[in-house]
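Source file: start-v2.cif (mmCIF, C-alpha atoms)
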data_coords
loop_
_atom_site.label_atom_id
_atom_site.label_comp_id
_atom_site.auth_asym_id
_atom_site.auth_seq_id
_atom_site.Cartn_x
_atom_site.Cartn_y
_atom_site.Cartn_z
CA MET A 932 -55.69 14.68 17.23
CA GLU A 933 -57.57 16.04 14.21
CA ASN A 934 -58.74 19.59 14.68
CA LYS A 935 -60.57 21.58 12.00
CA PHE A 936 -59.65 24.87 13.61
CA ASP A 937 -58.50 27.48 11.10
CA ILE A 938 -57.06 30.73 12.44
CA ASN A 939 -57.85 32.51 9.18
CA ASN A 940 -61.57 32.14 9.90
CA LEU A 941 -61.17 34.20 13.08
CA VAL A 942 -58.84 37.08 12.20
CA ARG A 943 -60.49 40.42 11.46
CA GLU A 944 -60.32 41.30 7.77
CA ASN A 945 -58.49 44.59 8.35
CA VAL A 946 -55.91 42.80 10.51
CA LYS A 947 -55.29 40.18 7.82
CA ASN A 948 -54.12 42.93 5.49
CA MET A 949 -52.08 44.88 8.03
CA LYS A 950 -48.34 45.16 8.01
CA PRO A 951 -46.69 45.59 11.41
CA TYR A 952 -44.75 48.72 12.28
CA SER A 953 -41.20 47.98 11.20
CA SER A 954 -38.34 48.99 13.47
CA ALA A 955 -34.87 49.19 11.98
CA ARG A 956 -33.68 47.18 14.99
CA ASP A 957 -35.82 44.14 14.19
CA GLU A 958 -33.31 42.82 11.67
CA PHE A 959 -30.42 42.83 14.17
CA GLU A 960 -31.84 40.16 16.46
CA ASP A 961 -29.06 37.67 15.68
CA PHE A 962 -26.20 40.15 15.32
CA ASP A 963 -23.59 41.34 17.81
CA THR A 964 -24.51 44.99 17.99
CA ALA A 965 -21.91 46.05 20.57
CA GLU A 966 -19.69 47.76 18.00
CA MET A 967 -22.44 49.12 15.77
CA ILE A 968 -23.24 52.82 15.53
CA PHE A 969 -26.98 53.41 15.60
CA LEU A 970 -28.12 56.57 13.85
CA ASP A 971 -31.51 55.29 12.74
CA ALA A 972 -34.06 56.06 15.47
CA ASN A 973 -33.50 59.71 16.39
CA GLU A 974 -32.42 58.77 19.91
CA ASN A 975 -30.29 60.84 22.24
CA PRO A 976 -26.76 59.43 21.65
CA PHE A 977 -25.45 60.02 25.18
CA GLU A 978 -25.36 56.77 27.10
CA ASN A 979 -27.29 56.62 30.36
CA GLY A 980 -28.60 53.03 30.28
CA VAL A 981 -31.98 53.84 28.79
CA ASN A 982 -31.27 56.33 26.01
CA ARG A 983 -31.87 53.64 23.37
CA TYR A 984 -35.19 52.07 22.50
CA PRO A 985 -35.71 48.62 24.04
CA ASP A 986 -35.59 45.38 22.08
CA PRO A 987 -39.01 45.37 20.34
CA GLN A 988 -39.14 41.56 20.46
CA GLN A 989 -37.83 41.20 24.06
CA MET A 990 -35.66 38.25 23.02
CA ARG A 991 -33.64 37.91 26.24
CA VAL A 992 -36.84 37.46 28.21
CA LYS A 993 -38.39 35.17 25.63
CA ARG A 994 -35.36 32.89 25.50
CA LEU A 995 -35.45 32.42 29.26
CA LEU A 996 -39.18 31.75 29.27
CA ALA A 997 -38.90 29.38 26.31
CA LYS A 998 -36.24 27.35 28.09
CA GLN A 999 -38.13 27.23 31.39
CA ARG A 1000 -41.55 26.49 29.87
CA ARG A 1001 -40.23 24.23 27.09
CA VAL A 1002 -41.76 26.15 24.22
CA GLN A 1003 -40.35 27.99 21.22
CA THR A 1004 -39.64 31.72 21.32
CA ASN A 1005 -42.04 32.20 18.39
CA GLN A 1006 -44.83 30.84 20.63
CA ILE A 1007 -44.47 33.78 23.04
CA VAL A 1008 -45.78 37.34 22.98
CA LEU A 1009 -45.02 39.73 25.84
CA GLY A 1010 -47.20 42.61 26.87
CA ASN A 1011 -47.49 45.55 29.22
CA GLY A 1012 -49.24 43.34 31.76
CA SER A 1013 -51.63 40.54 30.83
CA ASP A 1014 -54.26 43.20 30.22
CA GLU A 1015 -52.46 44.36 27.08
CA ILE A 1016 -52.30 40.75 25.86
CA LEU A 1017 -56.03 40.35 26.42
CA ASP A 1018 -56.75 43.63 24.63
CA LEU A 1019 -54.64 42.54 21.66
CA LEU A 1020 -56.72 39.36 21.41
CA PHE A 1021 -59.92 41.38 21.22
CA ARG A 1022 -58.49 43.74 18.62
CA ALA A 1023 -57.05 40.96 16.46
CA PHE A 1024 -59.97 38.54 16.41
CA CYS A 1025 -63.22 40.33 17.30
CA GLU A 1026 -65.11 42.58 14.90
CA PRO A 1027 -66.68 45.49 16.86
CA ASN A 1028 -70.47 45.50 17.09
CA THR A 1029 -70.60 42.08 15.42
CA ASP A 1030 -68.73 39.40 17.33
CA ASN A 1031 -69.12 38.10 20.86
CA VAL A 1032 -67.09 36.35 23.54
CA ILE A 1033 -68.08 34.13 26.46
CA THR A 1034 -66.95 34.67 30.04
CA LEU A 1035 -67.77 32.63 33.13
CA PRO A 1036 -68.63 34.74 36.18
CA PRO A 1037 -67.51 35.05 38.83
CA THR A 1038 -64.22 35.76 37.10
CA TYR A 1039 -61.56 38.38 36.39
CA GLY A 1040 -63.30 41.69 35.73
CA MET A 1041 -61.07 42.92 32.90
CA TYR A 1042 -62.59 40.47 30.41
CA GLY A 1043 -65.85 42.39 30.64
CA VAL A 1044 -64.14 45.78 30.63
CA LEU A 1045 -62.21 44.94 27.47
CA SER A 1046 -65.36 43.58 25.83
CA ASN A 1047 -67.08 46.91 26.40
CA LEU A 1048 -64.03 48.89 25.32
CA ASN A 1049 -63.83 47.01 22.04
CA ALA A 1050 -67.61 47.01 21.43
CA ILE A 1051 -67.83 43.23 21.70
CA GLU A 1052 -70.84 41.46 23.23
CA ASN A 1053 -69.90 39.64 26.43
CA ARG A 1054 -72.09 36.59 26.92
CA GLU A 1055 -71.89 35.61 30.56
CA VAL A 1056 -72.48 31.96 31.50
CA LEU A 1057 -72.40 31.51 35.26
CA LEU A 1058 -70.19 28.86 36.79
CA SER A 1059 -71.89 26.04 38.68
CA ASP A 1060 -72.42 26.23 42.44
CA ASP A 1061 -69.03 24.54 42.91
CA PHE A 1062 -67.44 27.08 40.53
CA GLN A 1063 -66.96 24.79 37.51
CA PRO A 1064 -67.78 25.56 33.86
CA GLU A 1065 -71.28 24.55 32.75
CA ILE A 1066 -70.33 22.98 29.42
CA GLU A 1067 -73.83 22.51 28.00
CA LYS A 1068 -74.82 26.09 28.79
CA ILE A 1069 -71.57 27.42 27.32
CA MET A 1070 -72.07 25.55 24.06
CA GLU A 1071 -75.68 26.74 23.90
CA ALA A 1072 -74.41 30.33 24.11
CA VAL A 1073 -72.01 29.83 21.19
CA ASP A 1074 -73.03 31.03 17.74
CA ALA A 1075 -71.29 31.78 14.44
CA ASN A 1076 -69.94 35.07 15.81
CA THR A 1077 -68.48 33.69 19.04
CA LYS A 1078 -64.73 34.20 18.74
CA MET A 1079 -63.33 33.52 22.22
CA ILE A 1080 -64.08 31.76 25.50
CA PHE A 1081 -62.23 32.98 28.58
CA LEU A 1082 -61.32 30.52 31.31
CA CYS A 1083 -59.47 31.68 34.43
CA SER A 1084 -57.88 28.65 36.11
CA PRO A 1085 -57.11 28.84 38.99
CA ASN A 1086 -60.04 31.20 38.97
CA ASN A 1087 -60.17 34.70 40.38
CA PRO A 1088 -61.92 35.33 42.78
CA THR A 1089 -62.83 31.75 43.71
CA GLY A 1090 -59.34 30.21 43.78
CA ASN A 1091 -60.24 26.81 42.34
CA SER A 1092 -58.97 25.17 39.15
CA PHE A 1093 -61.28 23.97 36.40
CA SER A 1094 -61.80 20.33 35.51
CA ASP A 1095 -59.31 19.13 32.88
CA GLU A 1096 -62.10 17.20 31.17
CA LYS A 1097 -64.29 20.28 30.83
CA VAL A 1098 -61.46 22.39 29.47
CA ALA A 1099 -60.46 19.67 27.00
CA TYR A 1100 -64.07 19.40 25.79
CA LEU A 1101 -64.14 23.10 24.94
CA LEU A 1102 -60.80 22.92 23.16
CA GLN A 1103 -62.00 19.97 21.09
CA ASN A 1104 -65.49 21.23 20.26
CA PHE A 1105 -65.33 25.03 20.10
CA LYS A 1106 -64.12 26.37 16.76
CA GLY A 1107 -62.93 29.65 18.22
CA LEU A 1108 -60.13 30.52 20.62
CA VAL A 1109 -60.02 29.17 24.17
CA ILE A 1110 -58.03 31.53 26.38
CA ILE A 1111 -56.85 30.05 29.68
CA ASP A 1112 -55.73 32.72 32.12
CA GLU A 1113 -53.12 31.07 34.32
CA ALA A 1114 -52.09 34.05 36.43
CA TYR A 1115 -52.12 31.83 39.53
CA ILE A 1116 -50.88 28.53 38.07
CA ASP A 1117 -47.63 28.58 40.04
CA PHE A 1118 -49.56 28.14 43.29
CA SER A 1119 -51.45 25.09 41.99
CA LYS A 1120 -50.60 21.41 41.92
CA LYS A 1121 -52.10 21.19 38.44
CA GLU A 1122 -49.89 21.24 35.37
CA SER A 1123 -50.04 24.23 33.09
CA TRP A 1124 -51.96 23.84 29.85
CA ILE A 1125 -48.74 24.95 28.14
CA ASN A 1126 -47.93 21.26 27.93
CA GLU A 1127 -50.87 20.89 25.49
CA LEU A 1128 -49.99 23.85 23.31
CA ASP A 1129 -48.94 21.77 20.31
CA GLU A 1130 -52.04 19.57 20.65
CA TYR A 1131 -54.63 22.34 20.37
CA PRO A 1132 -54.13 25.10 17.76
CA ASN A 1133 -56.98 27.13 19.31
CA LEU A 1134 -55.40 27.17 22.78
CA ILE A 1135 -54.03 30.45 24.13
CA ILE A 1136 -52.50 30.71 27.59
CA THR A 1137 -51.84 33.93 29.44
CA GLN A 1138 -49.55 34.16 32.44
CA THR A 1139 -47.92 36.98 34.34
CA LEU A 1140 -44.86 37.91 36.38
CA SER A 1141 -47.09 39.87 38.78
CA LYS A 1142 -48.05 37.04 41.14
CA ALA A 1143 -45.64 34.20 41.94
CA TYR A 1144 -42.69 36.08 40.43
CA GLY A 1145 -43.28 39.15 42.59
CA LEU A 1146 -42.97 41.68 39.76
CA ALA A 1147 -46.37 43.37 39.74
CA GLY A 1148 -44.65 46.74 39.53
CA ILE A 1149 -42.99 46.11 36.16
CA ARG A 1150 -46.25 45.10 34.39
CA LEU A 1151 -45.17 42.16 32.27
CA GLY A 1152 -47.72 39.71 30.88
CA ILE A 1153 -47.08 36.63 28.78
CA CYS A 1154 -49.02 34.95 26.00
CA TYR A 1155 -48.23 31.39 24.91
CA ALA A 1156 -49.87 30.28 21.67
CA SER A 1157 -49.20 28.75 18.27
CA SER A 1158 -46.88 30.69 16.00
CA ALA A 1159 -49.90 31.37 13.78
CA VAL A 1160 -51.55 33.27 16.65
CA THR A 1161 -48.40 35.04 17.86
CA THR A 1162 -47.64 36.25 14.33
CA ILE A 1163 -51.01 37.99 14.25
CA LEU A 1164 -50.57 39.54 17.70
CA ASN A 1165 -47.10 40.79 16.79
CA ARG A 1166 -48.63 42.37 13.71
CA ILE A 1167 -50.76 44.73 15.80
CA LYS A 1168 -48.86 45.21 19.08
CA PRO A 1169 -47.03 48.50 19.71
CA PRO A 1170 -43.38 48.11 18.65
CA TYR A 1171 -41.81 48.99 22.02
CA ASN A 1172 -44.55 47.86 24.39
CA VAL A 1173 -42.23 46.45 27.08
CA ASN A 1174 -39.68 48.98 28.31
CA GLU A 1175 -35.99 48.37 28.91
CA LEU A 1176 -36.21 48.56 32.71
CA SER A 1177 -38.98 45.95 32.79
CA GLN A 1178 -37.06 43.63 30.48
CA ASN A 1179 -33.90 43.88 32.59
CA ARG A 1180 -35.75 43.28 35.83
CA ALA A 1181 -37.61 40.32 34.33
CA VAL A 1182 -34.37 38.70 33.15
CA ALA A 1183 -32.76 39.08 36.58
CA ARG A 1184 -35.77 37.57 38.31
CA LEU A 1185 -36.21 34.69 35.87
CA GLU A 1186 -32.56 33.76 36.37
CA ASP A 1187 -33.12 33.47 40.14
CA GLN A 1188 -35.37 30.42 40.16
CA GLN A 1189 -34.36 29.36 43.66
CA ALA A 1190 -35.68 32.57 45.18
CA ILE A 1191 -38.94 32.22 43.26
CA THR A 1192 -39.37 28.61 44.38
CA THR A 1193 -38.69 29.55 48.00
CA GLU A 1194 -41.26 32.33 47.93
CA ILE A 1195 -43.91 30.15 46.29
CA GLU A 1196 -43.38 27.44 48.89
CA SER A 1197 -43.70 30.03 51.65
CA ILE A 1198 -46.93 31.41 50.22
CA ILE A 1199 -48.45 27.93 49.88
CA SER A 1200 -47.42 27.06 53.43
CA GLN A 1201 -48.84 30.30 54.78
CA ARG A 1202 -52.02 29.71 52.78
CA GLU A 1203 -52.63 26.46 54.60
CA LEU A 1204 -51.96 28.05 57.99
CA LEU A 1205 -54.31 30.91 57.11
CA ILE A 1206 -57.08 28.48 56.14
CA GLU A 1207 -56.61 26.61 59.42
CA ALA A 1208 -56.85 29.85 61.38
CA LEU A 1209 -59.90 31.02 59.42
CA SER A 1210 -61.75 27.89 60.47
CA GLU A 1211 -61.64 29.24 64.03
CA VAL A 1212 -63.19 32.63 63.17
CA SER A 1213 -66.78 32.56 64.42
CA TYR A 1214 -68.48 34.44 61.57
CA VAL A 1215 -66.66 32.66 58.73
CA GLU A 1216 -69.35 30.41 57.28
CA LYS A 1217 -67.40 28.78 54.45
CA ILE A 1218 -63.81 28.60 53.25
CA HIS A 1219 -63.69 27.86 49.54
CA PRO A 1220 -60.99 25.46 48.26
CA THR A 1221 -58.13 27.35 46.68
CA GLU A 1222 -55.09 26.72 44.49
CA ALA A 1223 -54.12 30.37 44.27
CA ASN A 1224 -52.36 32.85 46.57
CA PHE A 1225 -55.65 33.95 48.09
CA VAL A 1226 -58.61 32.51 49.95
CA LEU A 1227 -62.28 33.28 49.32
CA VAL A 1228 -64.40 33.05 52.47
CA LYS A 1229 -68.11 33.48 53.05
CA VAL A 1230 -68.96 35.50 56.15
CA ASP A 1231 -72.12 36.66 57.89
CA ASP A 1232 -71.97 40.22 56.54
CA ALA A 1233 -69.21 41.03 54.05
CA ASN A 1234 -69.83 44.77 53.93
CA LYS A 1235 -69.69 45.05 57.71
CA ARG A 1236 -66.56 42.89 58.10
CA TYR A 1237 -64.79 44.68 55.26
CA ALA A 1238 -65.40 48.07 56.87
CA GLU A 1239 -64.23 46.79 60.25
CA LEU A 1240 -60.97 45.50 58.78
CA ILE A 1241 -60.36 48.76 56.93
CA ALA A 1242 -60.77 50.56 60.26
CA LYS A 1243 -57.98 48.36 61.61
CA GLY A 1244 -55.71 49.22 58.68
CA ILE A 1245 -56.10 45.93 56.82
CA VAL A 1246 -57.18 46.06 53.17
CA ILE A 1247 -58.80 42.98 51.66
CA ARG A 1248 -61.28 42.61 48.75
CA ASN A 1249 -65.03 42.56 49.22
CA ARG A 1250 -66.47 40.33 46.49
CA THR A 1251 -70.09 40.28 47.65
CA THR A 1252 -71.36 42.00 44.49
CA GLN A 1253 -69.95 39.28 42.22
CA ALA A 1254 -72.14 36.48 40.86
CA LEU A 1255 -72.37 33.51 43.25
CA CYS A 1256 -70.21 35.38 45.77
CA GLU A 1257 -72.73 36.96 48.15
CA ASN A 1258 -71.12 37.90 51.48
CA THR A 1259 -67.63 36.80 50.45
CA LEU A 1260 -64.26 38.33 51.18
CA ARG A 1261 -61.09 37.58 49.24
CA LEU A 1262 -57.95 37.45 51.39
CA THR A 1263 -54.54 37.54 49.74
CA VAL A 1264 -51.88 35.45 51.47
CA GLY A 1265 -49.28 37.80 52.91
CA THR A 1266 -46.10 37.28 54.88
CA GLU A 1267 -46.23 35.29 58.11
CA GLU A 1268 -46.32 38.54 60.10
CA GLU A 1269 -49.08 40.04 57.92
CA ASN A 1270 -51.19 36.90 58.13
CA LYS A 1271 -50.92 36.82 61.92
CA LYS A 1272 -52.08 40.44 62.12
CA LEU A 1273 -54.97 39.61 59.79
CA ILE A 1274 -56.10 36.71 61.97
CA VAL A 1275 -55.84 38.77 65.14
CA ALA A 1276 -57.96 41.49 63.52
CA LEU A 1277 -60.52 39.01 62.18
CA LYS A 1278 -60.97 37.46 65.62
CA ALA A 1279 -61.09 40.84 67.35
CA ILE A 1280 -63.90 42.21 65.20
CA GLY A 1281 -65.92 39.08 65.87
CA ASN A 1282 -66.15 39.78 69.58
#

This entry written out as structure tokens:
Amino acid sequence: MENKFDINNLVRENVKNMKPYSSARDEFEDFDTAEMIFLDANENPFENGVNRYPDPQQMRVKRLLAKQRRVQTNQIVLGNGSDEILDLLFRAFCEPNTDNVITLPPTYGMYGVLSNLNAIENREVLLSDDFQPEIEKIMEAVDANTKMIFLCSPNNPTGNSFSDEKVAYLLQNFKGLVIIDEAYIDFSKKESWINELDEYPNLIITQTLSKAYGLAGIRLGICYASSAVTTILNRIKPPYNVNELSQNRAVARLEDQQAITTEIESIISQRELLIEALSEVSYVEKIHPTEANFVLVKVDDANKRYAELIAKGIVIRNRTTQALCENTLRLTVGTEEENKKLIVALKAIGN
């Protein structure tokens, strides 16, 4: 399809003229370095597994991801969690105190935090009552300085996925960047928007190894985008932003796809059992549809029920202060044993 999107119209002027920090190791990506002597980076020469700086381009991880997601390695940028990826987007494309972005509450709170941190106006356009993007209102909020629209699908904290038609409309009609946060995509029946990456030059997808891949502790986020976008992000990212231990652990996990699949299937199965059990809890007024690894429920008094669960040693998330989420609790799907204890506690505090 024809798209008049031009990345050069979005990049900050100072970023256009920047040269990335150059590591001497960058040029050895395609070389066998086993027999080389490295005296370039002022490292401690005594081998202990982590005495050398990590691969600044994280190529082992990227090659695995590229194969599994059917993209090119130059369409991937890795970060210290998805939050670093999101921050890089702000710093690359948004001029402080001038530009703005659009977010769709209720949604992931870091979009707003990063907007404030980078002195970027955050224009909030509430989702509809069924938690879908309000396209007309979004386009009305767009002006010449709107650089990015953030979509979280499946959405946090609501759990639902956004309409493909609505997302496609934004990609086709908005001249800025459309960022789709797919942190929970592995728990959904919907296909990832990665499959449309070559169709839409303004599409950016963020994913993470923190959820379905069970690696929250290593903090590894992923950006999939056109090579034009990734070139810009690589220009400004810290040279060694993903450490060696995280890269090694990511490779080991990505190579064990059977274990990942088994765990995802278990979480989805437990999610359905949890929803069934929640329907029998007297003060649960609504169970919102979910395609994530959590369930958002409306209760009679969220503050009261949250405190009662804490007293029983069960920590959930009280979302009652979020837009459209009055008296809601967000329950992460745990193990079978954890979910049973949760249900027992929920029923006990209702008596």

The PyMOL selection byres ((chain A and resi 1102) around 10) resolved against shown file, as a VMD selection string: chain A and resid 934 936 1080 1096 to 1101 1103 to 1110 1130 to 1134

Write out as JSON lines the residues of region 1038-1119 of chain A that have any atom within 12 Å of an atom of region 1197-1212 of chain A, one row each with the nearest atom pair and its distance in Å to one decimal, counting only C-alpha atoms, sorted by chain and then rising number.
{"residue": "A:Gly1090", "atom": "CA", "partner": "A:Arg1202", "partner_atom": "CA", "distance": 11.6}
{"residue": "A:Tyr1115", "atom": "CA", "partner": "A:Ile1199", "partner_atom": "CA", "distance": 11.7}
{"residue": "A:Asp1117", "atom": "CA", "partner": "A:Ile1199", "partner_atom": "CA", "distance": 9.9}
{"residue": "A:Phe1118", "atom": "CA", "partner": "A:Ile1199", "partner_atom": "CA", "distance": 6.7}
{"residue": "A:Ser1119", "atom": "CA", "partner": "A:Ile1199", "partner_atom": "CA", "distance": 8.9}

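Evaluating the PyMOL selection byres ((chain A and resi 1061-1076) around 7) against the shown model yields Asp1030, Asn1031, Val1056, Leu1058, Ser1059, Asp1060, Thr1077, Lys1078, Phe1093 and Lys1097 of chain A.
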
- request: May I ask which of the residues A:Ile1116, A:Asn939, A:Asn948, A:Ser1092 is the closest one to Arg1166 (chain A), counting only C-alpha atoms?
  value: A:Asn948

message: Could you tell me how far CA of Cys1154 (chain A) sits from CA of Leu1009 (chain A), in Å to one decimal place?
response: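 These atoms are spaced 6.2 Å apart.
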
Pull out every residue that the PyMOL selection byres ((chain A and resi 1232) around 10) matches in the shown coordinates and put them as a short mmCIF file (atom, residue, chain, number, x, y, z; two decimals) with C-alpha atoms, in the coordinates of the input.
data_model
loop_
_atom_site.label_atom_id
_atom_site.label_comp_id
_atom_site.auth_asym_id
_atom_site.auth_seq_id
_atom_site.Cartn_x
_atom_site.Cartn_y
_atom_site.Cartn_z
CA TYR A 1214 -68.48 34.44 61.57
CA VAL A 1215 -66.66 32.66 58.73
CA LYS A 1229 -68.11 33.48 53.05
CA VAL A 1230 -68.96 35.50 56.15
CA ASP A 1231 -72.12 36.66 57.89
CA ALA A 1233 -69.21 41.03 54.05
CA ASN A 1234 -69.83 44.77 53.93
CA LYS A 1235 -69.69 45.05 57.71
CA ARG A 1236 -66.56 42.89 58.10
CA TYR A 1237 -64.79 44.68 55.26
CA THR A 1251 -70.09 40.28 47.65
CA GLU A 1257 -72.73 36.96 48.15
CA ASN A 1258 -71.12 37.90 51.48
CA THR A 1259 -67.63 36.80 50.45
CA LEU A 1260 -64.26 38.33 51.18
#

- request: In Å, rounded to a single decimal, give me how far CA of Arg1054 (chain A) is from CA of Val1032 (chain A).
  value: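 Computing the Euclidean distance for CA of Val1032 (chain A) and CA of Arg1054 (chain A) yields 6.0 Å.
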
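Here the question is which of A:Leu1240, A:Pro1220, A:Phe1081, A:Ala1254 gets nearest to Ile1274 (chain A) using only C-alpha atoms, and that residue is A:Leu1240.
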
message: Using only C-alpha atoms, which protein or nucleic acid residues come within 10 Å of Ile1125 (chain A)? Drop anything in the same chain fewer than 3 positions from it, and give the result as a list of chain:residue names.
response: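 Non-adjacent residues within range: A:Arg1000, A:Arg1001, A:Val1002, A:Ile1111, A:Glu1113, A:Glu1122, A:Leu1128, A:Asp1129, A:Glu1130, A:Leu1134, A:Ile1135, A:Ile1136, A:Thr1137, A:Tyr1155, A:Ala1156.
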
Write the residues of the selection above to a file with C-alpha atoms, as an mmCIF file, in the frame of the given file.
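Saved result, again02.cif, follows:
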data_model
loop_
_atom_site.group_PDB
_atom_site.id
_atom_site.type_symbol
_atom_site.label_atom_id
_atom_site.label_comp_id
_atom_site.auth_asym_id
_atom_site.auth_seq_id
_atom_site.Cartn_x
_atom_site.Cartn_y
_atom_site.Cartn_z
ATOM 1 C CA ARG A 1000 -41.550 26.490 29.870
ATOM 2 C CA ARG A 1001 -40.230 24.230 27.090
ATOM 3 C CA VAL A 1002 -41.760 26.150 24.220
ATOM 4 C CA ILE A 1111 -56.850 30.050 29.680
ATOM 5 C CA GLU A 1113 -53.120 31.070 34.320
ATOM 6 C CA GLU A 1122 -49.890 21.240 35.370
ATOM 7 C CA LEU A 1128 -49.990 23.850 23.310
ATOM 8 C CA ASP A 1129 -48.940 21.770 20.310
ATOM 9 C CA GLU A 1130 -52.040 19.570 20.650
ATOM 10 C CA LEU A 1134 -55.400 27.170 22.780
ATOM 11 C CA ILE A 1135 -54.030 30.450 24.130
ATOM 12 C CA ILE A 1136 -52.500 30.710 27.590
ATOM 13 C CA THR A 1137 -51.840 33.930 29.440
ATOM 14 C CA TYR A 1155 -48.230 31.390 24.910
ATOM 15 C CA ALA A 1156 -49.870 30.280 21.670
#

message: I'd like to know which of A:Pro1088, A:Pro1169, A:Pro976, A:Pro951 is closest to Thr1038 (chain A), using all atoms listed in the file.
response: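 Ranking A:Pro1088, A:Pro1169, A:Pro976, A:Pro951 by distance to Thr1038 (chain A), first place goes to A:Pro1088.
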
field: Gap from CA of Tyr1039 (chain A) to CA of Glu944 (chain A) - Å, one decimal
entry: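 If I compute the distance from CA of Tyr1039 (chain A) to CA of Glu944 (chain A), I get 28.8 Å.
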